[in-house]
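S.K.: The structure file start24.cif (mmCIF, C-alpha atoms and all ligand atoms) is provided below.
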```
data_entry
#
loop_
_atom_site.label_atom_id
_atom_site.label_comp_id
_atom_site.auth_asym_id
_atom_site.auth_seq_id
_atom_site.Cartn_x
_atom_site.Cartn_y
_atom_site.Cartn_z
CA MET A 19 -10.70 -42.19 -22.61
CA SER A 20 -10.12 -43.85 -25.94
CA ARG A 21 -8.72 -42.97 -29.33
CA LEU A 22 -9.54 -44.22 -32.77
CA GLU A 23 -6.97 -44.21 -35.55
CA ALA A 24 -7.40 -44.59 -39.28
CA ARG A 25 -4.23 -45.93 -40.86
CA ASN A 26 -3.91 -45.85 -44.67
CA LEU A 27 -7.67 -46.33 -44.62
CA VAL A 28 -9.51 -46.66 -47.93
CA ILE A 29 -13.26 -46.93 -47.46
CA ASP A 30 -15.09 -49.28 -49.78
CA VAL A 31 -17.42 -47.15 -51.88
CA PRO A 32 -18.61 -49.48 -54.67
CA GLY A 33 -17.36 -48.57 -58.13
CA ARG A 34 -15.11 -45.75 -56.93
CA ARG A 35 -11.34 -45.50 -57.25
CA ASP A 36 -9.38 -45.63 -54.01
CA GLY A 37 -8.61 -41.92 -53.83
CA ARG A 38 -6.61 -40.66 -50.88
CA ALA A 39 -6.03 -43.04 -48.00
CA LEU A 40 -6.99 -41.58 -44.64
CA ASN A 41 -4.51 -41.23 -41.83
CA LEU A 42 -6.09 -39.50 -38.92
CA ASP A 43 -6.49 -39.80 -35.18
CA LEU A 44 -9.73 -39.16 -33.34
CA GLU A 45 -8.47 -38.21 -29.91
CA PRO A 46 -10.11 -37.56 -26.55
CA GLY A 47 -11.38 -34.00 -26.38
CA GLN A 48 -11.72 -33.55 -30.14
CA VAL A 49 -14.84 -32.88 -32.18
CA TRP A 50 -14.36 -33.88 -35.81
CA GLY A 51 -16.83 -32.88 -38.50
CA VAL A 52 -17.03 -34.91 -41.72
CA LEU A 53 -18.24 -32.81 -44.62
CA GLY A 54 -19.00 -33.77 -48.19
CA PRO A 55 -21.78 -33.85 -50.76
CA ASN A 56 -24.36 -36.63 -51.04
CA GLY A 57 -22.71 -39.93 -51.88
CA ALA A 58 -19.19 -38.80 -50.93
CA GLY A 59 -18.88 -41.66 -48.44
CA LYS A 60 -19.54 -40.06 -45.05
CA THR A 61 -21.82 -42.84 -43.79
CA THR A 62 -19.52 -45.47 -45.29
CA LEU A 63 -16.62 -43.92 -43.38
CA LEU A 64 -18.50 -43.85 -40.08
CA HIS A 65 -19.59 -47.47 -40.47
CA THR A 66 -16.02 -48.46 -41.36
CA LEU A 67 -14.67 -46.66 -38.28
CA ALA A 68 -17.28 -48.50 -36.20
CA GLY A 69 -16.20 -51.87 -37.59
CA LEU A 70 -19.56 -52.49 -39.28
CA ARG A 71 -18.02 -52.43 -42.74
CA ALA A 72 -14.68 -53.75 -43.89
CA PRO A 73 -12.31 -51.22 -45.39
CA ARG A 74 -10.98 -51.78 -48.91
CA ALA A 75 -7.49 -51.19 -47.55
CA GLY A 76 -5.77 -50.09 -44.38
CA SER A 77 -7.03 -50.45 -40.84
CA VAL A 78 -8.87 -48.89 -37.95
CA ARG A 79 -7.26 -49.08 -34.54
CA LEU A 80 -8.97 -48.62 -31.18
CA ASP A 81 -6.52 -47.74 -28.41
CA GLY A 82 -3.75 -49.28 -30.49
CA GLY A 83 -5.52 -52.60 -31.21
CA ALA A 84 -6.88 -53.56 -34.62
CA LEU A 85 -10.63 -52.98 -34.43
CA ALA A 86 -11.35 -56.05 -36.54
CA SER A 87 -9.69 -58.36 -34.01
CA LEU A 88 -11.15 -56.87 -30.82
CA PRO A 89 -14.10 -58.57 -29.09
CA ARG A 90 -17.36 -56.92 -30.17
CA ARG A 91 -18.30 -56.22 -26.56
CA ARG A 92 -15.07 -54.26 -26.08
CA VAL A 93 -15.87 -52.28 -29.23
CA ALA A 94 -19.51 -51.76 -28.19
CA ARG A 95 -18.44 -50.34 -24.86
CA ALA A 96 -16.03 -47.90 -26.48
CA LEU A 97 -17.93 -46.79 -29.59
CA GLY A 98 -21.40 -45.26 -29.73
CA LEU A 99 -22.96 -44.90 -33.15
CA VAL A 100 -25.88 -42.63 -33.99
CA PHE A 101 -27.25 -44.04 -37.25
CA GLN A 102 -28.71 -41.91 -39.99
CA GLU A 103 -31.34 -44.53 -40.78
CA ARG A 104 -33.00 -46.71 -38.20
CA GLN A 105 -35.59 -49.41 -38.15
CA ASP A 106 -38.02 -49.82 -35.34
CA GLY A 107 -38.82 -53.41 -36.18
CA PHE A 108 -40.51 -54.46 -32.97
CA PRO A 109 -42.67 -52.46 -30.57
CA ALA A 110 -40.74 -50.81 -27.77
CA THR A 111 -41.25 -47.80 -25.56
CA VAL A 112 -38.94 -44.81 -25.45
CA ARG A 113 -37.54 -45.93 -22.07
CA GLU A 114 -36.94 -49.51 -23.28
CA THR A 115 -35.17 -48.17 -26.34
CA ALA A 116 -32.85 -45.93 -24.30
CA LEU A 117 -32.02 -48.93 -22.08
CA ILE A 118 -30.69 -50.79 -25.14
CA GLY A 119 -27.69 -48.49 -24.64
CA ARG A 120 -26.79 -50.51 -21.55
CA HIS A 121 -26.54 -53.85 -23.39
CA PRO A 122 -22.77 -53.72 -23.94
CA TRP A 123 -22.37 -53.41 -20.19
CA LEU A 124 -24.63 -56.32 -19.19
CA SER A 125 -24.04 -60.05 -19.42
CA PRO A 126 -26.27 -61.92 -21.90
CA TRP A 127 -29.34 -62.59 -19.71
CA GLN A 128 -28.74 -59.87 -17.11
CA MET A 129 -31.61 -57.46 -16.52
CA GLU A 130 -30.93 -53.75 -16.34
CA GLY A 131 -30.52 -52.55 -12.74
CA GLY A 132 -31.32 -49.32 -10.92
CA GLU A 133 -28.14 -47.62 -12.06
CA ASP A 134 -28.87 -48.48 -15.71
CA LEU A 135 -32.37 -47.08 -15.31
CA GLN A 136 -30.98 -43.90 -13.75
CA LEU A 137 -28.61 -43.42 -16.68
CA ALA A 138 -31.46 -43.89 -19.15
CA GLU A 139 -33.76 -41.50 -17.30
CA ALA A 140 -31.04 -38.85 -17.11
CA ALA A 141 -30.31 -39.22 -20.83
CA LEU A 142 -34.01 -38.96 -21.76
CA GLU A 143 -34.28 -35.82 -19.66
CA ARG A 144 -31.12 -34.35 -21.20
CA LEU A 145 -32.55 -34.88 -24.69
CA ASP A 146 -35.93 -33.51 -23.67
CA VAL A 147 -37.83 -36.74 -24.34
CA ASP A 148 -38.39 -37.85 -20.74
CA HIS A 149 -42.09 -36.90 -20.97
CA LEU A 150 -42.37 -39.52 -23.75
CA ALA A 151 -40.83 -42.39 -21.76
CA GLU A 152 -43.94 -44.61 -21.90
CA ARG A 153 -44.73 -43.92 -25.55
CA LEU A 154 -44.12 -46.44 -28.32
CA VAL A 155 -41.21 -45.38 -30.50
CA SER A 156 -43.36 -45.87 -33.59
CA THR A 157 -45.54 -42.93 -32.48
CA LEU A 158 -42.70 -40.38 -32.22
CA SER A 159 -42.10 -37.49 -34.57
CA GLY A 160 -38.88 -37.43 -36.61
CA GLY A 161 -37.16 -34.99 -34.25
CA GLU A 162 -38.28 -36.89 -31.14
CA ARG A 163 -36.97 -40.12 -32.67
CA GLN A 164 -33.65 -38.45 -33.44
CA ARG A 165 -33.33 -37.17 -29.88
CA LEU A 166 -34.12 -40.66 -28.58
CA ALA A 167 -31.35 -42.12 -30.75
CA ILE A 168 -28.90 -39.68 -29.17
CA ALA A 169 -30.29 -40.39 -25.69
CA THR A 170 -29.70 -44.11 -26.31
CA VAL A 171 -26.03 -43.50 -27.08
CA LEU A 172 -25.77 -41.17 -24.08
CA THR A 173 -27.15 -44.04 -21.97
CA GLN A 174 -24.49 -46.29 -23.49
CA ALA A 175 -21.84 -43.78 -22.29
CA PRO A 176 -19.18 -44.58 -24.90
CA ALA A 177 -15.72 -43.04 -24.93
CA ILE A 178 -16.07 -42.32 -28.65
CA TRP A 179 -19.16 -40.96 -30.41
CA LEU A 180 -19.68 -41.54 -34.13
CA ALA A 181 -22.81 -39.63 -35.14
CA ASP A 182 -24.28 -39.57 -38.63
CA GLU A 183 -26.08 -36.28 -39.15
CA PRO A 184 -27.11 -36.00 -35.48
CA THR A 185 -29.07 -32.79 -36.11
CA ASN A 186 -31.34 -34.39 -38.76
CA HIS A 187 -34.99 -33.53 -38.18
CA LEU A 188 -34.16 -31.21 -35.27
CA ASP A 189 -35.52 -27.70 -34.85
CA LEU A 190 -33.04 -24.86 -34.26
CA HIS A 191 -33.19 -25.06 -30.47
CA HIS A 192 -32.65 -28.81 -30.37
CA GLN A 193 -29.87 -28.59 -33.00
CA THR A 194 -27.98 -26.24 -30.71
CA ALA A 195 -28.74 -28.35 -27.64
CA VAL A 196 -27.45 -31.52 -29.33
CA MET A 197 -24.29 -29.83 -30.61
CA ALA A 198 -23.68 -28.41 -27.11
CA LEU A 199 -24.17 -31.88 -25.63
CA LEU A 200 -21.63 -33.39 -28.06
CA ALA A 201 -19.15 -30.57 -27.42
CA GLY A 202 -19.64 -31.20 -23.70
CA GLU A 203 -18.90 -34.90 -24.22
CA ALA A 204 -15.61 -33.90 -25.86
CA GLN A 205 -14.81 -31.48 -23.05
CA ALA A 206 -15.33 -34.35 -20.63
CA GLY A 207 -12.60 -36.31 -22.44
CA ARG A 208 -14.59 -38.23 -25.02
CA ALA A 209 -13.88 -38.16 -28.73
CA VAL A 210 -16.59 -37.14 -31.17
CA MET A 211 -16.92 -37.47 -34.94
CA LEU A 212 -19.99 -36.16 -36.75
CA CYS A 213 -21.17 -36.23 -40.34
CA LEU A 214 -22.78 -32.90 -41.06
CA HIS A 215 -24.47 -31.20 -43.98
CA ASP A 216 -24.62 -27.86 -42.22
CA LEU A 217 -21.35 -26.01 -42.75
CA ASN A 218 -22.30 -23.44 -40.16
CA LEU A 219 -22.77 -26.02 -37.42
CA ALA A 220 -19.39 -27.47 -38.39
CA ALA A 221 -17.76 -24.04 -38.25
CA ARG A 222 -19.31 -23.28 -34.87
CA TRP A 223 -18.86 -26.59 -33.05
CA CYS A 224 -16.10 -28.71 -34.59
CA ASP A 225 -12.39 -28.26 -33.95
CA HIS A 226 -11.25 -30.57 -36.75
CA LEU A 227 -12.74 -31.23 -40.18
CA LEU A 228 -12.45 -33.96 -42.77
CA LEU A 229 -13.54 -33.00 -46.26
CA LEU A 230 -14.59 -35.99 -48.38
CA TYR A 231 -14.83 -35.43 -52.15
CA PRO A 232 -17.01 -37.62 -54.39
CA ASP A 233 -13.96 -38.86 -56.33
CA GLY A 234 -12.34 -40.28 -53.19
CA GLU A 235 -10.04 -37.31 -52.60
CA ALA A 236 -9.95 -36.03 -49.04
CA CYS A 237 -8.26 -33.49 -46.84
CA TRP A 238 -8.36 -33.02 -43.11
CA GLY A 239 -6.96 -30.87 -40.35
CA SER A 240 -7.86 -28.13 -37.93
CA ARG A 241 -11.17 -26.37 -38.54
CA ASP A 242 -9.55 -23.05 -39.42
CA ALA A 243 -7.24 -24.67 -41.95
CA MET A 244 -10.15 -26.47 -43.62
CA LEU A 245 -12.74 -23.69 -43.74
CA VAL A 246 -11.34 -22.15 -46.89
CA PRO A 247 -14.19 -20.86 -49.08
CA ALA A 248 -12.59 -21.99 -52.35
CA ALA A 249 -12.10 -25.56 -51.01
CA LEU A 250 -15.66 -25.67 -49.71
CA GLU A 251 -17.04 -24.39 -53.04
CA ARG A 252 -15.14 -27.16 -54.82
CA LEU A 253 -16.40 -29.70 -52.26
CA TYR A 254 -20.05 -28.92 -52.86
CA GLY A 255 -19.87 -27.58 -56.42
CA GLN A 256 -21.64 -24.55 -55.05
CA ARG A 257 -20.76 -20.86 -54.84
CA LEU A 258 -20.71 -19.52 -51.29
CA ALA A 259 -20.76 -16.13 -49.63
CA THR A 260 -19.01 -15.83 -46.27
CA ALA A 261 -19.63 -13.45 -43.38
CA MET A 262 -18.33 -13.35 -39.83
CA VAL A 263 -20.93 -13.57 -37.08
CA GLY A 264 -19.91 -13.59 -33.43
CA GLY A 265 -16.33 -14.46 -34.40
CA ALA A 266 -17.27 -17.53 -36.48
CA PRO A 267 -17.65 -17.71 -40.25
CA VAL A 268 -21.14 -18.15 -41.66
CA PHE A 269 -21.56 -19.61 -45.14
CA VAL A 270 -24.51 -18.96 -47.37
CA SER A 271 -25.00 -20.51 -50.79
CA VAL A 272 -25.44 -18.00 -53.61
CA ARG A 273 -26.66 -18.45 -57.16
N1 LIG A 301 -24.46 -51.55 -50.93
C1 LIG A 301 -24.16 -50.63 -51.85
N2 LIG A 301 -24.15 -50.92 -53.15
C2 LIG A 301 -23.84 -49.99 -54.07
N3 LIG A 301 -23.52 -48.72 -53.76
C3 LIG A 301 -23.50 -48.38 -52.47
C4 LIG A 301 -23.83 -49.29 -51.45
N4 LIG A 301 -23.73 -48.65 -50.26
C5 LIG A 301 -23.38 -47.38 -50.56
N5 LIG A 301 -23.25 -47.21 -51.87
C6 LIG A 301 -22.89 -45.98 -52.55
O1 LIG A 301 -21.71 -45.48 -51.94
C7 LIG A 301 -21.71 -44.06 -52.00
C8 LIG A 301 -21.41 -43.50 -50.63
O2 LIG A 301 -22.57 -43.68 -49.81
P1 LIG A 301 -22.67 -43.00 -48.37
O3 LIG A 301 -23.99 -43.36 -47.81
O4 LIG A 301 -21.46 -43.36 -47.60
O5 LIG A 301 -22.63 -41.45 -48.76
P2 LIG A 301 -22.87 -40.17 -47.84
O6 LIG A 301 -21.71 -39.24 -48.06
O7 LIG A 301 -23.15 -40.56 -46.45
O8 LIG A 301 -24.17 -39.57 -48.53
P3 LIG A 301 -25.41 -38.70 -47.98
O9 LIG A 301 -24.89 -37.30 -47.76
O10 LIG A 301 -26.36 -38.74 -49.12
O11 LIG A 301 -25.93 -39.34 -46.73
C9 LIG A 301 -23.06 -43.64 -52.59
O12 LIG A 301 -22.90 -43.29 -53.95
C10 LIG A 301 -23.91 -44.87 -52.41
O13 LIG A 301 -24.90 -44.94 -53.41
#
```
Any chance you could give the structure as structure tokens?
M.R.:
Amino acid sequence: MSRLEARNLVIDVPGRRDGRALNLDLEPGQVWGVLGPNGAGKTTLLHTLAGLRAPRAGSVRLDGGALASLPRRRVARALGLVFQERQDGFPATVRETALIGRHPWLSPWQMEGGEDLQLAEAALERLDVDHLAERLVSTLSGGERQRLAIATVLTQAPAIWLADEPTNHLDLHHQTAVMALLAGEAQAGRAVMLCLHDLNLAARWCDHLLLLYPDGEACWGSRDAMLVPAALERLYGQRLATAMVGGAPVFVSVR
């Protein structure tokens, strides 16, 4: 189990004022949703929390240690990142790609062993892409590629998931399956943070929300405290109608 802390964190969005510094803890068992309009800084935040981008101010701490000073292997074992964009620069099969998730756990020239292969196979099956194991990644559909990206992080088995729009390209069934998988990861003691565009998925599956505004303002807290229609309308610059379905709010944009 691991925790990630943002302390007085200002993400570096070019040309934008600092806005509100973030002070939040991503703790084992939690599912955080990051909401905000295009360009608000969701991806920038995730990459900053993963140590791939330097913050403008403040720090990120992993289990109490400054992320920037920890060995990359230690970070790579703890943090799994599902990228929004990905490049498949060289030819690889689906199975080989999932096995990349084991790299943080292997020494530089060590081959993957039987246990690594078992983890990869189980992850491919869990994401419903096991029948594609021999296929080249370049031949996959958008949704299949997305599920493989999640299977690769599942193979990595990190204590903390940072997932940028994990339901991108997914049909309704696979959206629900992926959100259930991530909620299950949290229930098993991992910490999960997701950037989402779908308010209804956030309302259904997240227990904490961070609202990022385009001007750098932000607020965060428990899901119920954050799902205030007026705040969400201001966030997106969009009028919303709200209904309750199965005990959870459902938001629909209205003209
Ligand atoms: N290298 C860069 N140079 C200039 N501007 C950048 C650079 N990287 C990001 N930005 C800008 O920073 C802002 C935040 O980008 P980011 O990708 O974090 O937004 P986002 O909330 O994830 O958006 P989306 O919902 O569209 O994915 C955007 O306005 C983007 O154009």
S.K.: Kindly provide, as JSON, numbers by chain, all nucleotide and amino acid residues lying within 10 Å of ligand LIG 301 (chain A), counting all atoms listed in the file.
M.R.: {"A": [29, 30, 31, 32, 33, 34, 52, 53, 54, 55, 56, 57, 58, 59, 60, 61, 62, 63, 64, 65, 66, 102, 103, 182, 183, 213, 214, 215, 230, 231, 232, 234]}
S.K.: Here is a test: counting all atoms listed in the file, which residue of A:Asp225, A:Glu133, A:Asp81, A:Glu45 is nearest to Asp242 (chain A)?
M.R.: A:Asp225
S.K.: Pick out the residues sitting within 10 Å of region 257-267 of chain A, and hand them over as a tab-separated table (two decimals) with C-alpha atoms, in the frame of the given file; count all atoms listed in the file, and ignore anything fewer than 6 positions along from it in its own chain.
M.R.:
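Output file result_33.tsv follows:
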```tsv
chain	number	residue	atom	x	y	z
A	217	LEU	CA	-21.35	-26.01	-42.75
A	218	ASN	CA	-22.30	-23.44	-40.16
A	221	ALA	CA	-17.76	-24.04	-38.25
A	222	ARG	CA	-19.31	-23.28	-34.87
A	223	TRP	CA	-18.86	-26.59	-33.05
A	242	ASP	CA	-9.55	-23.05	-39.42
A	245	LEU	CA	-12.74	-23.69	-43.74
A	246	VAL	CA	-11.34	-22.15	-46.89
A	247	PRO	CA	-14.19	-20.86	-49.08
A	248	ALA	CA	-12.59	-21.99	-52.35
A	250	LEU	CA	-15.66	-25.67	-49.71
A	251	GLU	CA	-17.04	-24.39	-53.04
A	273	ARG	CA	-26.66	-18.45	-57.16
```
S.K.: Please compute the CA of Ala236 (chain A)-CA of Arg38 (chain A) distance, one decimal, in Å.
M.R.: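 Computing it gives 6.0 Å between the two atoms.
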S.K.: Kindly indicate which residue among A:Leu88, A:Val49, A:Val270, A:Leu229 lies nearest to Arg252 (chain A), using all atoms listed in the file for the distances.
M.R.: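 When distances to Arg252 (chain A) are compared using all atoms listed in the file, the smallest one comes from A:Leu229.
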S.K.: Would you mind reading off the distance between CA of Asp146 (chain A) and CA of Ala198 (chain A), one decimal, in Å?
M.R.: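 Between CA of Asp146 (chain A) and CA of Ala198 (chain A) the gap is 13.7 Å.
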S.K.: Please indicate the distance in Å from CA of Ser20 (chain A) to CA of Ala177 (chain A), rounded to one decimal place.
M.R.: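 These two atoms are separated by 5.7 Å.
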S.K.: Between A:Val112, A:Ala75, A:Ala195, A:Ala175, which one has atoms that come closest to Leu145 (chain A), using all atoms listed in the file?
M.R.: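 For Leu145 (chain A), the nearest of the candidates is A:Ala195.
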S.K.: Name the residues in contact with Arg91 (chain A) at a cut-off of 7 Å, using all atoms listed in the file, excluding same-chain residues fewer than 3 positions from it; report them as a ChimeraX atom specification.
M.R.: /A:94-95,122
S.K.: Dump as a PDB file with C-alpha atoms, in the frame of the given file all residues having an atom at most 12 Å from (-25.5, -53.5, -21.4), computed in the file's coordinates with all atoms listed in the file.
M.R.:
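Saved result, selection_38.pdb, follows:
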```pdb
ATOM      1  CA  ARG A  91     -18.300 -56.220 -26.560  1.00  0.00           C
ATOM      2  CA  ARG A  92     -15.070 -54.260 -26.080  1.00  0.00           C
ATOM      3  CA  ALA A  94     -19.510 -51.760 -28.190  1.00  0.00           C
ATOM      4  CA  ARG A  95     -18.440 -50.340 -24.860  1.00  0.00           C
ATOM      5  CA  ALA A 116     -32.850 -45.930 -24.300  1.00  0.00           C
ATOM      6  CA  LEU A 117     -32.020 -48.930 -22.080  1.00  0.00           C
ATOM      7  CA  ILE A 118     -30.690 -50.790 -25.140  1.00  0.00           C
ATOM      8  CA  GLY A 119     -27.690 -48.490 -24.640  1.00  0.00           C
ATOM      9  CA  ARG A 120     -26.790 -50.510 -21.550  1.00  0.00           C
ATOM     10  CA  HIS A 121     -26.540 -53.850 -23.390  1.00  0.00           C
ATOM     11  CA  PRO A 122     -22.770 -53.720 -23.940  1.00  0.00           C
ATOM     12  CA  TRP A 123     -22.370 -53.410 -20.190  1.00  0.00           C
ATOM     13  CA  LEU A 124     -24.630 -56.320 -19.190  1.00  0.00           C
ATOM     14  CA  SER A 125     -24.040 -60.050 -19.420  1.00  0.00           C
ATOM     15  CA  PRO A 126     -26.270 -61.920 -21.900  1.00  0.00           C
ATOM     16  CA  TRP A 127     -29.340 -62.590 -19.710  1.00  0.00           C
ATOM     17  CA  GLN A 128     -28.740 -59.870 -17.110  1.00  0.00           C
ATOM     18  CA  MET A 129     -31.610 -57.460 -16.520  1.00  0.00           C
ATOM     19  CA  GLU A 130     -30.930 -53.750 -16.340  1.00  0.00           C
ATOM     20  CA  GLY A 131     -30.520 -52.550 -12.740  1.00  0.00           C
ATOM     21  CA  GLU A 133     -28.140 -47.620 -12.060  1.00  0.00           C
ATOM     22  CA  ASP A 134     -28.870 -48.480 -15.710  1.00  0.00           C
ATOM     23  CA  LEU A 135     -32.370 -47.080 -15.310  1.00  0.00           C
ATOM     24  CA  LEU A 137     -28.610 -43.420 -16.680  1.00  0.00           C
ATOM     25  CA  ALA A 138     -31.460 -43.890 -19.150  1.00  0.00           C
ATOM     26  CA  THR A 170     -29.700 -44.110 -26.310  1.00  0.00           C
ATOM     27  CA  VAL A 171     -26.030 -43.500 -27.080  1.00  0.00           C
ATOM     28  CA  THR A 173     -27.150 -44.040 -21.970  1.00  0.00           C
ATOM     29  CA  GLN A 174     -24.490 -46.290 -23.490  1.00  0.00           C
ATOM     30  CA  ALA A 175     -21.840 -43.780 -22.290  1.00  0.00           C
ATOM     31  CA  PRO A 176     -19.180 -44.580 -24.900  1.00  0.00           C
TER      32      PRO A 176
END
```
S.K.: Calculated over only C-alpha atoms, which of the candidates A:Arg21, A:Leu27, A:Glu152, A:Glu139 has the smallest distance to Ala96 (chain A)?
M.R.: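 When distances to Ala96 (chain A) are compared using only C-alpha atoms, the smallest one comes from A:Arg21.
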S.K.: Using all atoms listed in the file, which protein or nucleic acid residues come within 12 Å of Asp189 (chain A)? Drop anything in the same chain fewer than 5 positions from it, and give the result as a short mmCIF file (atom, residue, chain, number, x, y, z; two decimals) with C-alpha atoms, keeping the file's coordinate frame.
M.R.:
```cif
data_model
loop_
_atom_site.label_atom_id
_atom_site.label_comp_id
_atom_site.auth_asym_id
_atom_site.auth_seq_id
_atom_site.Cartn_x
_atom_site.Cartn_y
_atom_site.Cartn_z
CA SER A 159 -42.10 -37.49 -34.57
CA GLY A 160 -38.88 -37.43 -36.61
CA GLY A 161 -37.16 -34.99 -34.25
CA GLU A 162 -38.28 -36.89 -31.14
CA GLN A 164 -33.65 -38.45 -33.44
CA ARG A 165 -33.33 -37.17 -29.88
CA PRO A 184 -27.11 -36.00 -35.48
CA THR A 194 -27.98 -26.24 -30.71
CA ALA A 195 -28.74 -28.35 -27.64
CA VAL A 196 -27.45 -31.52 -29.33
#
```
S.K.: For each of A:Leu219, A:Leu212, A:Leu166, A:Leu44, take the minimum atom-to-atom distance to Leu190 (chain A), counting only C-alpha atoms, then give the residue where this is smallest.
M.R.: A:Leu219
S.K.: Which residue out of A:Ala24, A:Val93, A:Leu99, A:Leu180 has the minimum interatomic distance to Val78 (chain A) when all atoms listed in the file are used?
M.R.: A:Ala24
